[in-house]
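What follows is a set of notes on a single structure, which appears directly below.
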Amino acid sequence: MRGREAARDLAASARDLASRLFGPGPEAVTAFGALHLHRGVAAALAGGLLAVGIALLFRMLGPEPDPELVWYVYGFEDRRWIVLGYGLAVAALTCAPLLALRERSFWSRSSAGADATPRALAVRIGLALGAYTLWLGPPWNVELLERPMEWHELVHLGPIQAVLLGKDFYLESATQYGPGIQLLSVRALEHFGVSLGTFRAFWLWGNFAGGLLLVAWMARLFPLPAVLVGLFALRFFSPFEFFKPAAGGSYGFFFGWATTLRYAGSLHAVLSLASVLARSPRRDVVISSGERLFLFASGVVFGAFILMAQENLSGGIVGCGLLGMFALLTRAAAPARLAAIAATFAFGALLGALPVLLPFVAAGETSAFFARYFAVGSDVAAGYSNTPFTGSYLSPAGVLYVGAPVASLLLFAVAAFDGERSRQWRMTAAAAAAVALAGHVPTLLRSDEAHILAMVTPVAFVFAAACAGLLRGGWRPASATALVIALLPLLFATRPEHLGRLGRDVRGRVEALTAPAPATVADARVGYAYDRTRPYAVFTEMPLGEFAEVTRKLNRLIGDRPVVVASAVGSTGHWYFFADLVPLMPDPEPMMTVHNNRLRARHLATMDARGIPCVVSRRLEDAEMVLFRRQPGTRDEWILDTSEGPLFVGCLRDEAPRLRTGERGTRSPDQRSDAQSAGSSERSPIT
């Protein structure tokens with residue numbers, strides 16, 4: 001008898017604790033009283049430990065790196081075991097508790113959620129977009145930015161030059177980035193002027209457009225205070241971190257690399273699905289016509305973003321998968337409804353990507369397209385350019401590196417188990433957590449500060465959702481505490497300098513709006529004002545004036561003959577661009593796509609098979625120069641003296657150079673005026 005009384009007292013205490021933590025109601029009492037909550041925690045812990053064990057086992061027994069491969073520029077470090085452990089841990093911590101508590105009725109007490117009226121919603125979205133545009137939008141006055149050229153923007157110029165001169169898009173203009181970005185950048189330069197300044201302006205417009213989509217979603221889903229929290233996080237913990245006012249009313253940025261276009265697509269995909277799943281469907285309709293139209297249109301947008309960056313594809317698929325698992329395990333939607341939602345969205349995505357894919361399909365180059373699309377990403381996943389986190393875990397990047405997935409898991413848990421909150425908030429919160437967890441995977445591979453601060457873009461929606469949950473969902477101790485903890489990474493990552501930068505943003509906008517236009521630009525293909533006596537790029541001491549003169553000489557000597565700029569020159573693609581040369585090879589910027597010795601050997605073999613009409617190199621012993629010299633036939637060779645040593649130029653005499661219509665200058669009668677020329681028909685071995 002005493003044992004049964006003690007058991008009843010214990011059960012009563014458990015019910016009281018559950019009621020205090022999760023609010024009154026039979027679900028919380030039954031779940032805790034039947035030890036379902038205990039089973040969920042135990043399942044999560046067991047799954048997490050199993051994930052760690054499997055990851056460590058993979059590290060010990062997994063495949064070893066190929067010892068014959070030599071990786072260039074960034075090196076190689078296999079971190080797949082970390083990604084595997086993270087993925088399994090996320091699956092365990094999100095799915096195992098839901099499976100353990102599968103008897104629970106997850107949605108019986110969740111209201112649909114009171115949406116703002118259409119007019120109020122339109123006003124909120126309009127205010128948010130207006131504030132965003134005034135804060136971070138144009139004018140940016142890139143023509144006033146007196147900053148030397150940088151690696152990440154220059155690597156785009158060789159492939160762009162190839163397309164501008166009629167080479168096959170993407171297959172003959174290789175890039176590690178998405179084809180959509182290259183296509184739009186080419187169109188921008190064609191319409192607004194071929195220059196690096198135009199490319200910088202295009203890059204800022206692309207980043208702004210991606211941010212515009214994110215802010216629109218944020219204002220659509222969250223109340224105004226939460227939107228402000230999300231905007232703050234988006235300003236400093238996304239690609240906008242690198243967007244800073246510069247002297248004279250212009251703006252500096254991480255041109256060529258950081259852009260919200262690489263992450264906005266995955267967020268858009270997951271939030272689109274969540275918007276439909278947040279609706280309570282009619283029992284007699286799997287998916288309504290309005291939902292079908294919305295999903296199709298959203299899928300088309302996602303298809304376009306897939307072409308912009310591979311991160312959108314991977315993050316979107318994994319994020320949508322996590323959200324679908326959430327909906328399935330909590331029984332938010334029947335399998336048939338989930339299948340209809342996924343199929344409609346996928347169909348729209350396919351049509352969104354089709355305009356770019358169709359020419360490759362028609363030409364029978366589909367496999368070549370996808371090989372190019374996934375080439376660098378698959379090498380990165382295997383270990384190329386992987387870097388560990390070596391900074392301080394108390395720095396903003398360190399706090400978010402650890403804190404972002406923790407905050408996302410807490411938000412996911414509240415969305416799953418707090419049945420008192422609205423269906424709309426719970427599904428939105430689950431979506432934000434899912435895409436943030438998915439988007440965190442690349443930071444485990446490239447764990448330097450810059451990559452972390454750019455790739456944690458989705459965490460802005462985690463913080464906004466947590467804030468909205470505190471504002472609208474009541475203060476039940478368990479879930480409210482979890483949401484407060486989810487906001488702590490934002491608090492700990494914020495520094496006084498972030499607040500100071502808000503003030504500099506205001507001063508920067510005033511200067512940008514009142515800045516005068518520059519009187520002149522440094523050079524037509526430079527496209528911005530710059531002192532011609534200063535080094536033209538961050539990796540050289542060659543003044544811009546000298547660089548411009550050298551590129552003009554190269555153009556006079558080579559004309560429209562295909563040419564190879566040897567790797568010894570460093571980043572080679574910008575030489576094609578500024579000298580207005582025709583790249584011979586489909587990889588005009590080898591440092592992007594030819595990143596190991598095996599690819600390099602294939603690259604040289606293709607070059608040898610094609611034949612090399614002209615070559616430019618810093619060293620006579622470069623493989624490209626040796627291949628050129630061993631070709632049969634008479635050749636001309638010149639030496640251009642520069643402040644950084646001689647530049648060797650050679651061309652076969654089989655075809656005289658021609659200037660394209662409208663190009664700069666005319667060819668001098670004696671093209672050998674810059675150096676001596678020699679003829680040769682000998683073949684020399686490659687050393």
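Residue numbers start at 1 in each chain; chains themselves are named A, B, ... in the order of the structure tokens; ligands are numbered from 1 in the order shown.
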
Discussion item. To test your reading of the structure, identify every residue in segment 462-592 of chain A that backbone DSSP assigns to helix (DSSP H, G or I), and report it as a ChimeraX atom specification.
Written reply: /A:462-472,477-493,496-514,544-558,567-569,573-579,590-592

Item to complete: Skip segment 590-602 of chain A itself and residues of its chain fewer than 6 positions away, then list as a list in words all residues within 9 Å of it, counting only C-alpha atoms.
Response: Glu68, Leu69, Val70, Trp71, Tyr72, Val73, Tyr74, Val155, Ala174, Thr175, Gln176, Ala375, Val376, Tyr384, Ser567, Gly570, Ser571, Thr572 and Gly573 of chain A

Those same residues, written as an mmCIF file, in the first residue's frame with C-alpha atoms?
```
data_model
loop_
_atom_site.group_PDB
_atom_site.id
_atom_site.type_symbol
_atom_site.label_atom_id
_atom_site.label_comp_id
_atom_site.auth_asym_id
_atom_site.auth_seq_id
_atom_site.Cartn_x
_atom_site.Cartn_y
_atom_site.Cartn_z
ATOM 1 C CA GLU A 68 49.685 10.751 -55.202
ATOM 2 C CA LEU A 69 47.499 13.861 -55.218
ATOM 3 C CA VAL A 70 49.186 17.195 -54.561
ATOM 4 C CA TRP A 71 46.734 19.987 -53.790
ATOM 5 C CA TYR A 72 47.523 23.569 -54.711
ATOM 6 C CA VAL A 73 46.871 26.898 -52.973
ATOM 7 C CA TYR A 74 44.783 25.767 -49.982
ATOM 8 C CA VAL A 155 39.287 35.221 -60.479
ATOM 9 C CA ALA A 174 35.157 27.451 -66.027
ATOM 10 C CA THR A 175 34.383 28.772 -62.576
ATOM 11 C CA GLN A 176 33.893 27.194 -59.179
ATOM 12 C CA ALA A 375 33.477 19.536 -59.468
ATOM 13 C CA VAL A 376 34.951 21.908 -56.897
ATOM 14 C CA TYR A 384 40.291 20.266 -50.402
ATOM 15 C CA SER A 567 50.357 29.906 -64.076
ATOM 16 C CA GLY A 570 49.782 34.088 -60.490
ATOM 17 C CA SER A 571 46.082 34.761 -60.875
ATOM 18 C CA THR A 572 45.995 34.562 -64.656
ATOM 19 C CA GLY A 573 42.414 35.369 -65.595
#
```

Worksheet item: Out of A:Arg262, A:Arg200, A:Arg426, A:Arg653, which residue has the shortest atom-to-atom distance to Ala454 of chain A when counting only C-alpha atoms?
Response: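 Counting only C-alpha atoms, the residue closest to Ala454 of chain A is A:Arg262.
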
For the interface of segment 459-516 of chain A with segment 409-415 of chain A (cut-off 7 Å, counting only C-alpha atoms), please tabulate each contacting residue of segment 459-516 of chain A alongside its nearest pair of atoms and their separation in Å to one decimal, rows sorted by chain and increasing number, as JSON lines.
```
{"residue": "A:Ala466", "atom": "CA", "partner": "A:Leu411", "partner_atom": "CA", "distance": 6.8}
{"residue": "A:Ser479", "atom": "CA", "partner": "A:Val414", "partner_atom": "CA", "distance": 5.7}
{"residue": "A:Ala482", "atom": "CA", "partner": "A:Leu410", "partner_atom": "CA", "distance": 5.9}
{"residue": "A:Leu483", "atom": "CA", "partner": "A:Leu411", "partner_atom": "CA", "distance": 6.5}
{"residue": "A:Ala486", "atom": "CA", "partner": "A:Leu410", "partner_atom": "CA", "distance": 6.3}
```

Worksheet item: Running DSSP on the backbone, which parts of segment 522-683 of chain A land in strand (DSSP E or B), as a PyMOL selection string?
Response: chain A and resi 535+537+543+562-565+582-583+596+614-617+635-642+645-652
